[in-house]
$ cat model32.tsv   # TSV, C-alpha atoms
chain	number	residue	atom	x	y	z
A	431	MET	CA	0.48	120.89	46.42
A	432	SER	CA	4.12	121.65	45.93
A	433	THR	CA	7.29	119.77	46.67
A	434	SER	CA	8.59	121.05	49.94
A	435	ASP	CA	12.04	121.82	51.28
A	436	ASP	CA	10.48	121.67	54.73
A	437	ILE	CA	10.39	117.89	54.62
A	438	ARG	CA	13.68	116.06	55.04
A	439	ILE	CA	13.87	112.35	54.29
A	440	ARG	CA	16.86	110.20	55.20
A	441	SER	CA	17.26	106.47	54.83
A	442	ARG	CA	20.02	104.10	55.77
A	443	ARG	CA	20.23	100.45	54.78
A	444	HIS	CA	21.15	97.78	57.34
A	445	ALA	CA	21.45	94.02	57.16
A	446	ASP	CA	17.90	93.67	58.45
A	447	GLY	CA	16.15	96.54	56.75
A	448	VAL	CA	16.14	100.22	55.97
A	449	ASP	CA	15.90	102.83	58.71
A	450	VAL	CA	13.89	105.83	57.57
A	451	LEU	CA	13.91	109.26	59.19
A	452	VAL	CA	11.34	111.86	58.22
A	453	LEU	CA	11.61	115.41	59.54
A	454	MET	CA	8.77	117.83	58.85
A	455	LEU	CA	9.46	121.46	59.69
A	456	HIS	CA	6.25	122.80	61.22
A	457	PRO	CA	5.43	124.99	64.26
A	458	MET	CA	2.93	122.46	65.69
A	459	GLU	CA	1.15	125.11	67.76
A	460	SER	CA	-1.40	123.48	70.04
A	461	GLY	CA	-3.70	126.48	70.35
A	462	LEU	CA	-3.32	126.20	74.14
A	463	ARG	CA	-0.24	128.42	74.41
A	464	THR	CA	-0.25	132.16	75.12
A	465	ASP	CA	2.37	134.66	73.96
A	466	ASP	CA	4.20	137.36	75.97
A	467	GLN	CA	1.12	139.61	75.95
A	468	GLY	CA	-1.10	136.81	77.17
A	469	ARG	CA	-2.79	136.36	73.81
A	470	ARG	CA	-3.72	132.88	72.70
A	471	VAL	CA	-1.44	131.60	69.93
A	472	PRO	CA	-3.72	130.08	67.28
A	473	ALA	CA	-3.54	126.36	66.68
A	474	HIS	CA	-1.35	125.37	63.74
A	475	TYR	CA	-0.42	121.72	63.57
A	476	ILE	CA	-0.06	118.80	61.20
A	477	ILE	CA	-3.08	116.51	61.36
A	478	ASP	CA	-1.62	113.55	59.54
A	479	ALA	CA	1.25	112.41	57.36
A	480	THR	CA	1.18	109.57	54.87
A	481	ILE	CA	4.40	107.87	53.81
A	482	THR	CA	4.54	105.64	50.75
A	483	VAL	CA	7.24	103.58	49.08
A	484	ASP	CA	6.64	103.10	45.36
A	485	ALA	CA	3.01	104.17	45.92
A	486	ARG	CA	2.46	101.55	48.65
A	487	VAL	CA	1.49	103.03	52.01
A	488	VAL	CA	4.02	102.12	54.70
A	489	LEU	CA	3.02	104.54	57.45
A	490	GLU	CA	-0.08	106.58	58.19
A	491	ALA	CA	0.79	108.89	61.07
A	492	GLN	CA	-1.93	110.71	62.98
A	493	LEU	CA	-0.04	113.57	64.55
A	494	GLY	CA	-1.77	116.50	66.29
A	495	ILE	CA	-1.11	118.95	69.08
A	496	ALA	CA	0.82	116.57	71.34
A	497	VAL	CA	3.55	116.06	68.76
A	498	ALA	CA	6.62	118.26	69.24
A	499	ARG	CA	7.56	121.13	66.92
A	500	ASP	CA	9.19	119.88	63.72
A	501	PRO	CA	7.82	116.33	63.91
A	502	LEU	CA	10.42	113.61	63.51
A	503	LEU	CA	9.30	110.09	62.64
A	504	GLN	CA	11.69	107.18	62.60
A	505	PHE	CA	10.75	103.69	61.47
A	506	ARG	CA	12.20	100.62	59.77
A	507	LEU	CA	11.26	98.92	56.52
A	508	ASP	CA	11.90	95.17	56.55
A	509	ASN	CA	12.60	94.69	52.88
A	510	ALA	CA	12.36	97.76	50.72
A	511	PRO	CA	13.87	97.83	47.23
A	512	ALA	CA	17.01	99.93	46.89
A	513	GLY	CA	16.30	102.88	44.67
A	514	GLY	CA	12.60	102.85	45.51
A	515	THR	CA	10.80	106.15	45.75
A	516	ILE	CA	9.70	107.25	49.19
A	517	ARG	CA	7.09	109.96	49.36
A	518	VAL	CA	5.84	111.96	52.33
A	519	VAL	CA	2.62	113.98	52.27
A	520	TRP	CA	1.28	115.91	55.24
A	521	ARG	CA	-1.71	118.14	55.80
A	522	ASP	CA	-2.32	120.58	58.61
A	523	ASN	CA	-5.33	122.11	60.34
A	524	ARG	CA	-5.21	125.13	58.06
A	525	GLY	CA	-5.76	123.01	54.99
A	526	VAL	CA	-2.17	123.25	53.83
A	527	THR	CA	-0.64	120.15	52.25
A	528	GLN	CA	3.01	119.57	51.51
A	529	ALA	CA	4.82	116.67	49.91
A	530	ALA	CA	8.36	115.55	49.21
A	531	THR	CA	10.01	112.52	47.66
A	532	ALA	CA	13.41	110.88	48.00
A	533	VAL	CA	15.20	107.80	46.73
A	534	LEU	CA	15.62	104.96	49.24
A	535	ALA	CA	19.15	103.98	50.22
B	1046	MET	CA	-14.41	110.95	62.83
B	1047	THR	CA	-11.30	109.07	61.98
B	1048	ARG	CA	-11.30	105.57	60.72
B	1049	ALA	CA	-9.86	104.42	64.05
B	1050	ALA	CA	-12.78	105.94	65.88
B	1051	THR	CA	-15.25	104.32	63.51
B	1052	THR	CA	-13.63	100.96	64.08
B	1053	ASN	CA	-13.81	101.48	67.81
B	1054	LEU	CA	-17.55	101.95	67.71
B	1055	GLN	CA	-18.15	98.48	66.36
B	1056	PRO	CA	-19.73	96.16	68.92
B	1057	PRO	CA	-17.13	94.74	71.26
B	1058	ARG	CA	-16.77	90.99	71.52
B	1059	ARG	CA	-15.58	90.39	75.02
B	1060	ARG	CA	-16.12	93.63	76.85
B	1061	ASP	CA	-18.89	94.29	79.30
B	1062	ARG	CA	-21.49	96.83	78.42
B	1063	ARG	CA	-20.44	99.45	80.95
B	1064	THR	CA	-16.89	99.59	79.60
B	1065	PHE	CA	-18.20	99.85	76.08
B	1066	VAL	CA	-20.65	102.60	76.96
B	1067	GLN	CA	-17.88	104.55	78.69
B	1068	ALA	CA	-15.61	104.10	75.71
B	1069	ALA	CA	-18.35	105.12	73.31
B	1070	ALA	CA	-19.20	108.16	75.42
B	1071	GLY	CA	-15.53	109.14	75.48
B	1072	LEU	CA	-15.33	108.84	71.73
B	1073	ALA	CA	-18.55	110.81	71.28
B	1074	LEU	CA	-17.21	113.59	73.48
B	1075	ALA	CA	-13.91	113.56	71.65
B	1076	GLY	CA	-15.67	113.91	68.35
B	1077	VAL	CA	-17.67	117.05	69.15
B	1078	GLY	CA	-16.50	119.78	66.82
B	1079	PHE	CA	-13.28	118.00	65.97
B	1080	ASP	CA	-12.25	115.74	63.17
B	1081	ARG	CA	-9.50	114.08	65.10
B	1082	LEU	CA	-9.82	112.26	68.39
B	1083	HIS	CA	-6.34	113.13	69.58
B	1084	ALA	CA	-6.48	116.74	68.40
B	1085	ASN	CA	-9.09	117.61	70.98
B	1086	GLY	CA	-7.30	119.53	73.70
B	1087	LEU	CA	-10.33	119.86	75.96
B	1088	THR	CA	-11.51	116.27	76.33
B	1089	ARG	CA	-11.23	114.74	79.76
B	1090	GLN	CA	-10.91	111.27	78.35
B	1091	THR	CA	-8.49	109.22	80.41
B	1092	VAL	CA	-5.74	106.93	79.15
B	1093	THR	CA	-7.68	103.94	80.49
B	1094	THR	CA	-10.78	104.92	78.54
B	1095	ALA	CA	-8.71	105.59	75.44
B	1096	LEU	CA	-6.97	102.20	75.64
B	1097	ALA	CA	-10.34	100.47	76.10
B	1098	ALA	CA	-11.76	102.34	73.13
B	1099	ILE	CA	-8.80	101.55	70.87
B	1100	GLY	CA	-8.83	97.90	71.88
B	1101	ALA	CA	-12.60	97.48	71.71
B	1102	ALA	CA	-12.57	95.98	68.21
B	1103	THR	CA	-9.86	93.43	69.02
B	1104	ARG	CA	-10.40	89.95	70.42
B	1105	THR	CA	-9.05	90.55	73.93
B	1106	GLY	CA	-9.23	94.33	74.21
B	1107	ALA	CA	-6.51	96.26	76.05
B	1108	VAL	CA	-3.96	94.05	77.80
B	1109	ALA	CA	-0.90	95.11	79.79
B	1110	ALA	CA	2.04	93.39	78.08
B	1111	PRO	CA	5.35	94.74	79.39
B	1112	ASP	CA	7.16	91.66	78.04
B	1113	ALA	CA	5.93	92.15	74.49
B	1114	VAL	CA	6.03	95.92	74.19
B	1115	THR	CA	8.97	98.17	75.00
B	1116	LEU	CA	8.71	101.89	75.61
B	1117	THR	CA	11.88	103.96	75.74
B	1118	LEU	CA	12.00	107.51	77.02
B	1119	PRO	CA	14.67	109.65	78.68
B	1120	ASP	CA	15.33	109.14	82.42
B	1121	PHE	CA	15.01	112.87	83.09
B	1122	ILE	CA	13.23	115.29	80.82
B	1123	GLU	CA	14.27	118.91	81.24
B	1124	ASP	CA	11.92	120.26	78.60
B	1125	GLY	CA	8.57	118.63	77.97
B	1126	ALA	CA	8.24	120.43	74.64
B	1127	SER	CA	10.23	117.76	72.82
B	1128	VAL	CA	10.53	114.29	74.30
B	1129	PRO	CA	11.91	111.42	72.19
B	1130	VAL	CA	9.80	108.28	72.59
B	1131	THR	CA	10.40	104.88	71.01
B	1132	VAL	CA	7.92	102.01	70.95
B	1133	THR	CA	9.04	98.55	69.83
B	1134	SER	CA	7.43	95.15	70.06
B	1135	THR	CA	8.21	91.48	69.62
B	1136	LEU	CA	4.66	90.68	68.47
B	1137	PRO	CA	3.88	89.72	64.87
B	1138	ASP	CA	1.32	91.37	62.59
B	1139	ILE	CA	1.12	94.71	64.33
B	1140	GLU	CA	-1.31	97.06	62.62
B	1141	ASP	CA	-1.03	100.18	64.73
B	1142	ILE	CA	1.32	101.81	67.21
B	1143	TYR	CA	0.04	104.35	69.74
B	1144	VAL	CA	1.74	106.70	72.18
B	1145	LEU	CA	-0.41	107.97	75.05
B	1146	ALA	CA	0.32	110.25	77.99
B	1147	ASP	CA	-1.85	110.66	81.10
B	1148	MET	CA	-0.72	114.21	81.95
B	1149	ASN	CA	-1.66	115.70	78.59
B	1150	PRO	CA	-4.99	117.38	77.81
B	1151	ALA	CA	-5.81	114.55	75.38
B	1152	PRO	CA	-4.54	111.02	76.09
B	1153	ILE	CA	-3.50	109.94	72.59
B	1154	ALA	CA	-0.33	111.75	71.50
B	1155	THR	CA	0.34	109.86	68.28
B	1156	HIS	CA	-1.16	107.01	66.34
B	1157	CYS	CA	0.64	105.38	63.42
B	1158	ARG	CA	-0.85	102.73	61.16
B	1159	LEU	CA	1.84	100.44	59.80
B	1160	GLY	CA	1.80	99.14	56.27
B	1161	ARG	CA	3.06	95.69	55.35
B	1162	GLY	CA	6.81	95.27	55.55
B	1163	VAL	CA	7.25	97.81	58.31
B	1164	ALA	CA	9.08	96.69	61.43
B	1165	PRO	CA	7.26	97.06	64.78
B	1166	ARG	CA	9.35	100.04	65.80
B	1167	LEU	CA	8.50	103.73	65.89
B	1168	SER	CA	10.29	106.77	67.25
B	1169	VAL	CA	8.61	110.15	67.56
B	1170	ARG	CA	9.10	113.33	69.57
B	1171	ILE	CA	6.10	114.34	71.65
B	1172	LYS	CA	5.09	117.08	74.10
B	1173	LEU	CA	4.46	116.27	77.74
B	1174	ALA	CA	2.52	118.74	79.89
B	1175	GLY	CA	4.25	117.58	83.08
B	1176	SER	CA	5.36	114.50	84.98
B	1177	GLY	CA	3.20	111.42	84.69
B	1178	ARG	CA	2.97	108.15	82.82
B	1179	VAL	CA	3.64	107.59	79.16
B	1180	TYR	CA	2.11	104.56	77.44
B	1181	GLY	CA	3.19	102.68	74.36
B	1182	ALA	CA	0.57	100.43	72.77
B	1183	VAL	CA	0.51	98.16	69.74
B	1184	ARG	CA	-2.67	96.85	68.14
B	1185	THR	CA	-3.08	93.54	66.35
B	1186	ALA	CA	-6.25	91.73	65.40
B	1187	GLY	CA	-5.82	89.82	68.66
B	1188	GLY	CA	-5.60	92.68	71.10
B	1189	LEU	CA	-4.22	96.00	72.17
B	1190	TYR	CA	-0.99	95.38	74.06
B	1191	TRP	CA	0.48	98.19	76.12
B	1192	THR	CA	3.24	99.09	78.49
B	1193	ALA	CA	3.92	102.24	80.48
B	1194	ALA	CA	6.80	104.19	81.96
B	1195	ASP	CA	7.05	107.12	84.34
B	1196	ALA	CA	8.18	110.44	82.91
B	1197	GLU	CA	9.96	112.98	85.12
B	1198	VAL	CA	9.43	116.35	83.48
B	1199	THR	CA	11.12	119.47	84.86
B	1200	VAL	CA	9.33	122.02	82.65
B	1201	GLY	CA	6.05	121.07	81.00
B	1202	GLY	CA	5.74	121.42	77.25
B	1203	CYS	CA	2.12	122.41	76.92
B	1204	GLY	CA	2.65	126.17	77.12

$ encode --input "model32.tsv" --output "structure tokens"
Amino acid sequence: MSTSDDIRIRSRRHADGVDVLVLMLHPMESGLRTDDQGRRVPAHYIIDATITVDARVVLEAQLGIAVARDPLLQFRLDNAPAGGTIRVVWRDNRGVTQAATAVLA
Amino acid sequence: MTRAATTNLQPPRRRDRRTFVQAAAGLALAGVGFDRLHANGLTRQTVTTALAAIGAATRTGAVAAPDAVTLTLPDFIEDGASVPVTVTSTLPDIEDIYVLADMNPAPIATHCRLGRGVAPRLSVRIKLAGSGRVYGAVRTAGGLYWTAADAEVTVGGCG
């Protein structure tokens, strides 16, 4: 597993929490699509993504073929410590895993 | 099978047998050859069956709750390949948020389990195969509460 540039993590602190945006660059091919020559494009999609803050799981996202290309997840943490470490790990149907970390706003 | 699916196969408390058998059959079908319920593009499981299955382990099961759950999606969707969807809720102690769509090959588009300290609010971009209904559902120990909205899709995003 390597740290990935294909995962972007943004966070913004508000009065009532921290908004977190996670963008994972991935083709998310469903396996149902055909190309110009009518050939089936093989399935290639993220199965799940786990997001932790200081090693505590905050979101377990089951994604899959109905999630759009370059999955974008947006959620809000009620009371996360400033400077905490947020970590995103995803794995796809080809067995690839990628991870990235960022510091919370 | 996923943990969600395992949970769903526990005996229901207040559901009649027929509903449970249908839900179980749907889950069994969904599990054939796949490790993820929602990743199965060929299952003919309906949204209703999926909601019943997800809610089977809760006290009340699936309940329509348009006052407690809000689903936001664009008024007109030109391209079904990327549709922003937001689910929020006023209910406390939400454990899971689901997005379902009745025009897609598999009803469950996304399922997120929330950790403690996470607000009941999730935005995600999904694919819609055509026009139809999109469902937002939140699960607590008490029940599965859902709401729905119509999606007008000009070009489907399945291809």

$ atom_distance --input "model32.tsv" --atom1 "atom CA of A:Leu489" --atom2 "atom CA of B:Gly1160"
5.7 Å

$ residues_around --input "model32.tsv" --residues "stretch 1115-1117 of chain B" --least-positions-apart "6" --cutoff "8 Å" --atoms "all atoms listed in the file" --output "list in words"
Val1130, Thr1131, Val1132, Thr1133, Ser1134, Tyr1180, Gly1181, Thr1192, Ala1193 and Ala1194 of chain B

$ interface_residues --input "model32.tsv" --of "chain A" --to "chain B" --cutoff "7 Å" --atoms "only C-alpha atoms" --output "count of residues only"
24

$ atom_distance --input "model32.tsv" --atom1 "atom CA of A:Ala473" --atom2 "atom CA of A:Arg524"
8.9 Å

$ atom_distance --input "model32.tsv" --atom1 "atom CA of A:Ser441" --atom2 "atom CA of B:Ala1196"
29.8 Å

$ decode --input "model32.tsv" --residues "stretch 479-524 of chain A" --atoms "N, CA and C atoms" --output "PDB file, in the first residue's frame"
ATOM      1  N   ALA A 479     -14.382   2.204   1.067  1.00  0.00           N
ATOM      2  CA  ALA A 479     -13.406   3.171   1.556  1.00  0.00           C
ATOM      3  C   ALA A 479     -13.626   3.343   3.051  1.00  0.00           C
ATOM      4  N   THR A 480     -12.552   3.331   3.800  1.00  0.00           N
ATOM      5  CA  THR A 480     -12.652   3.522   5.243  1.00  0.00           C
ATOM      6  C   THR A 480     -11.942   4.820   5.613  1.00  0.00           C
ATOM      7  N   ILE A 481     -12.610   5.651   6.377  1.00  0.00           N
ATOM      8  CA  ILE A 481     -12.059   6.943   6.763  1.00  0.00           C
ATOM      9  C   ILE A 481     -11.924   6.978   8.283  1.00  0.00           C
ATOM     10  N   THR A 482     -10.732   7.289   8.751  1.00  0.00           N
ATOM     11  CA  THR A 482     -10.493   7.336  10.191  1.00  0.00           C
ATOM     12  C   THR A 482      -9.966   8.719  10.585  1.00  0.00           C
ATOM     13  N   VAL A 483     -10.233   9.100  11.819  1.00  0.00           N
ATOM     14  CA  VAL A 483      -9.630  10.294  12.402  1.00  0.00           C
ATOM     15  C   VAL A 483      -8.893   9.843  13.655  1.00  0.00           C
ATOM     16  N   ASP A 484      -7.597  10.046  13.680  1.00  0.00           N
ATOM     17  CA  ASP A 484      -6.757   9.560  14.777  1.00  0.00           C
ATOM     18  C   ASP A 484      -7.066   8.091  15.083  1.00  0.00           C
ATOM     19  N   ALA A 485      -7.112   7.291  14.028  1.00  0.00           N
ATOM     20  CA  ALA A 485      -7.288   5.833  14.105  1.00  0.00           C
ATOM     21  C   ALA A 485      -8.693   5.404  14.536  1.00  0.00           C
ATOM     22  N   ARG A 486      -9.601   6.349  14.719  1.00  0.00           N
ATOM     23  CA  ARG A 486     -10.992   6.008  15.033  1.00  0.00           C
ATOM     24  C   ARG A 486     -11.809   6.074  13.739  1.00  0.00           C
ATOM     25  N   VAL A 487     -12.560   5.014  13.467  1.00  0.00           N
ATOM     26  CA  VAL A 487     -13.313   4.972  12.210  1.00  0.00           C
ATOM     27  C   VAL A 487     -14.484   5.959  12.278  1.00  0.00           C
ATOM     28  N   VAL A 488     -14.561   6.861  11.309  1.00  0.00           N
ATOM     29  CA  VAL A 488     -15.680   7.798  11.258  1.00  0.00           C
ATOM     30  C   VAL A 488     -16.640   7.469  10.122  1.00  0.00           C
ATOM     31  N   LEU A 489     -16.144   6.850   9.073  1.00  0.00           N
ATOM     32  CA  LEU A 489     -17.027   6.509   7.956  1.00  0.00           C
ATOM     33  C   LEU A 489     -16.524   5.244   7.267  1.00  0.00           C
ATOM     34  N   GLU A 490     -17.446   4.293   7.097  1.00  0.00           N
ATOM     35  CA  GLU A 490     -17.159   3.116   6.287  1.00  0.00           C
ATOM     36  C   GLU A 490     -18.095   3.168   5.098  1.00  0.00           C
ATOM     37  N   ALA A 491     -17.550   3.479   3.930  1.00  0.00           N
ATOM     38  CA  ALA A 491     -18.377   3.676   2.745  1.00  0.00           C
ATOM     39  C   ALA A 491     -18.303   2.458   1.843  1.00  0.00           C
ATOM     40  N   GLN A 492     -19.464   1.835   1.610  1.00  0.00           N
ATOM     41  CA  GLN A 492     -19.562   0.768   0.617  1.00  0.00           C
ATOM     42  C   GLN A 492     -19.898   1.449  -0.691  1.00  0.00           C
ATOM     43  N   LEU A 493     -18.987   1.430  -1.625  1.00  0.00           N
ATOM     44  CA  LEU A 493     -19.231   2.140  -2.884  1.00  0.00           C
ATOM     45  C   LEU A 493     -19.733   1.116  -3.911  1.00  0.00           C
ATOM     46  N   GLY A 494     -19.067   0.931  -5.029  1.00  0.00           N
ATOM     47  CA  GLY A 494     -19.576  -0.036  -5.997  1.00  0.00           C
ATOM     48  C   GLY A 494     -19.908   0.624  -7.314  1.00  0.00           C
ATOM     49  N   ILE A 495     -20.563  -0.147  -8.204  1.00  0.00           N
ATOM     50  CA  ILE A 495     -20.683   0.291  -9.595  1.00  0.00           C
ATOM     51  C   ILE A 495     -21.657   1.445  -9.786  1.00  0.00           C
ATOM     52  N   ALA A 496     -22.513   1.730  -8.818  1.00  0.00           N
ATOM     53  CA  ALA A 496     -23.477   2.809  -8.989  1.00  0.00           C
ATOM     54  C   ALA A 496     -22.937   4.145  -8.492  1.00  0.00           C
ATOM     55  N   VAL A 497     -21.676   4.158  -8.068  1.00  0.00           N
ATOM     56  CA  VAL A 497     -21.073   5.414  -7.646  1.00  0.00           C
ATOM     57  C   VAL A 497     -20.334   6.015  -8.847  1.00  0.00           C
ATOM     58  N   ALA A 498     -20.480   7.321  -9.025  1.00  0.00           N
ATOM     59  CA  ALA A 498     -19.937   7.992 -10.200  1.00  0.00           C
ATOM     60  C   ALA A 498     -18.410   7.944 -10.222  1.00  0.00           C
ATOM     61  N   ARG A 499     -17.852   8.077 -11.411  1.00  0.00           N
ATOM     62  CA  ARG A 499     -16.405   8.179 -11.597  1.00  0.00           C
ATOM     63  C   ARG A 499     -15.832   9.209 -10.620  1.00  0.00           C
ATOM     64  N   ASP A 500     -14.658   8.953 -10.119  1.00  0.00           N
ATOM     65  CA  ASP A 500     -14.001   9.826  -9.155  1.00  0.00           C
ATOM     66  C   ASP A 500     -14.912  10.106  -7.952  1.00  0.00           C
ATOM     67  N   PRO A 501     -15.157   9.078  -7.157  1.00  0.00           N
ATOM     68  CA  PRO A 501     -16.098   9.219  -6.034  1.00  0.00           C
ATOM     69  C   PRO A 501     -15.752  10.395  -5.106  1.00  0.00           C
ATOM     70  N   LEU A 502     -16.795  11.135  -4.772  1.00  0.00           N
ATOM     71  CA  LEU A 502     -16.667  12.282  -3.883  1.00  0.00           C
ATOM     72  C   LEU A 502     -17.586  12.053  -2.696  1.00  0.00           C
ATOM     73  N   LEU A 503     -17.013  12.022  -1.511  1.00  0.00           N
ATOM     74  CA  LEU A 503     -17.801  11.853  -0.295  1.00  0.00           C
ATOM     75  C   LEU A 503     -17.680  13.126   0.526  1.00  0.00           C
ATOM     76  N   GLN A 504     -18.812  13.580   1.018  1.00  0.00           N
ATOM     77  CA  GLN A 504     -18.803  14.768   1.857  1.00  0.00           C
ATOM     78  C   GLN A 504     -19.599  14.465   3.117  1.00  0.00           C
ATOM     79  N   PHE A 505     -18.986  14.746   4.274  1.00  0.00           N
ATOM     80  CA  PHE A 505     -19.679  14.489   5.528  1.00  0.00           C
ATOM     81  C   PHE A 505     -19.187  15.481   6.566  1.00  0.00           C
ATOM     82  N   ARG A 506     -19.808  15.439   7.754  1.00  0.00           N
ATOM     83  CA  ARG A 506     -19.479  16.420   8.794  1.00  0.00           C
ATOM     84  C   ARG A 506     -19.141  15.727  10.107  1.00  0.00           C
ATOM     85  N   LEU A 507     -18.040  16.145  10.702  1.00  0.00           N
ATOM     86  CA  LEU A 507     -17.655  15.638  12.018  1.00  0.00           C
ATOM     87  C   LEU A 507     -18.145  16.638  13.062  1.00  0.00           C
ATOM     88  N   ASP A 508     -18.828  16.137  14.095  1.00  0.00           N
ATOM     89  CA  ASP A 508     -19.403  17.028  15.100  1.00  0.00           C
ATOM     90  C   ASP A 508     -18.323  17.731  15.929  1.00  0.00           C
ATOM     91  N   ASN A 509     -17.388  16.978  16.401  1.00  0.00           N
ATOM     92  CA  ASN A 509     -16.367  17.579  17.271  1.00  0.00           C
ATOM     93  C   ASN A 509     -15.039  16.850  17.089  1.00  0.00           C
ATOM     94  N   ALA A 510     -14.343  17.202  16.040  1.00  0.00           N
ATOM     95  CA  ALA A 510     -13.054  16.575  15.788  1.00  0.00           C
ATOM     96  C   ALA A 510     -11.944  17.514  16.227  1.00  0.00           C
ATOM     97  N   PRO A 511     -10.874  16.973  16.804  1.00  0.00           N
ATOM     98  CA  PRO A 511      -9.781  17.814  17.277  1.00  0.00           C
ATOM     99  C   PRO A 511      -9.043  18.475  16.106  1.00  0.00           C
ATOM    100  N   ALA A 512      -8.777  19.768  16.233  1.00  0.00           N
ATOM    101  CA  ALA A 512      -7.974  20.436  15.206  1.00  0.00           C
ATOM    102  C   ALA A 512      -6.596  19.797  15.194  1.00  0.00           C
ATOM    103  N   GLY A 513      -6.061  19.614  14.024  1.00  0.00           N
ATOM    104  CA  GLY A 513      -4.747  19.003  13.925  1.00  0.00           C
ATOM    105  C   GLY A 513      -4.773  17.491  13.981  1.00  0.00           C
ATOM    106  N   GLY A 514      -5.950  16.909  14.089  1.00  0.00           N
ATOM    107  CA  GLY A 514      -6.067  15.448  14.061  1.00  0.00           C
ATOM    108  C   GLY A 514      -5.689  14.913  12.689  1.00  0.00           C
ATOM    109  N   THR A 515      -5.353  13.641  12.663  1.00  0.00           N
ATOM    110  CA  THR A 515      -4.956  13.035  11.390  1.00  0.00           C
ATOM    111  C   THR A 515      -6.125  12.277  10.786  1.00  0.00           C
ATOM    112  N   ILE A 516      -6.501  12.679   9.581  1.00  0.00           N
ATOM    113  CA  ILE A 516      -7.552  11.955   8.876  1.00  0.00           C
ATOM    114  C   ILE A 516      -6.906  11.076   7.818  1.00  0.00           C
ATOM    115  N   ARG A 517      -7.391   9.844   7.753  1.00  0.00           N
ATOM    116  CA  ARG A 517      -6.796   8.863   6.851  1.00  0.00           C
ATOM    117  C   ARG A 517      -7.892   8.204   6.027  1.00  0.00           C
ATOM    118  N   VAL A 518      -7.639   8.068   4.756  1.00  0.00           N
ATOM    119  CA  VAL A 518      -8.577   7.425   3.829  1.00  0.00           C
ATOM    120  C   VAL A 518      -7.896   6.218   3.210  1.00  0.00           C
ATOM    121  N   VAL A 519      -8.558   5.084   3.255  1.00  0.00           N
ATOM    122  CA  VAL A 519      -8.051   3.866   2.604  1.00  0.00           C
ATOM    123  C   VAL A 519      -9.159   3.298   1.733  1.00  0.00           C
ATOM    124  N   TRP A 520      -8.877   3.060   0.477  1.00  0.00           N
ATOM    125  CA  TRP A 520      -9.882   2.361  -0.345  1.00  0.00           C
ATOM    126  C   TRP A 520      -9.290   1.120  -0.954  1.00  0.00           C
ATOM    127  N   ARG A 521     -10.187   0.193  -1.349  1.00  0.00           N
ATOM    128  CA  ARG A 521      -9.745  -0.982  -2.098  1.00  0.00           C
ATOM    129  C   ARG A 521     -10.718  -1.222  -3.229  1.00  0.00           C
ATOM    130  N   ASP A 522     -10.196  -1.700  -4.357  1.00  0.00           N
ATOM    131  CA  ASP A 522     -11.076  -1.892  -5.500  1.00  0.00           C
ATOM    132  C   ASP A 522     -11.210  -3.364  -5.859  1.00  0.00           C
ATOM    133  N   ASN A 523     -11.990  -3.646  -6.891  1.00  0.00           N
ATOM    134  CA  ASN A 523     -12.299  -5.032  -7.250  1.00  0.00           C
ATOM    135  C   ASN A 523     -11.119  -5.753  -7.882  1.00  0.00           C
ATOM    136  N   ARG A 524     -10.038  -5.018  -8.167  1.00  0.00           N
ATOM    137  CA  ARG A 524      -8.850  -5.680  -8.682  1.00  0.00           C
ATOM    138  C   ARG A 524      -7.825  -5.944  -7.578  1.00  0.00           C
TER     139      ARG A 524
END
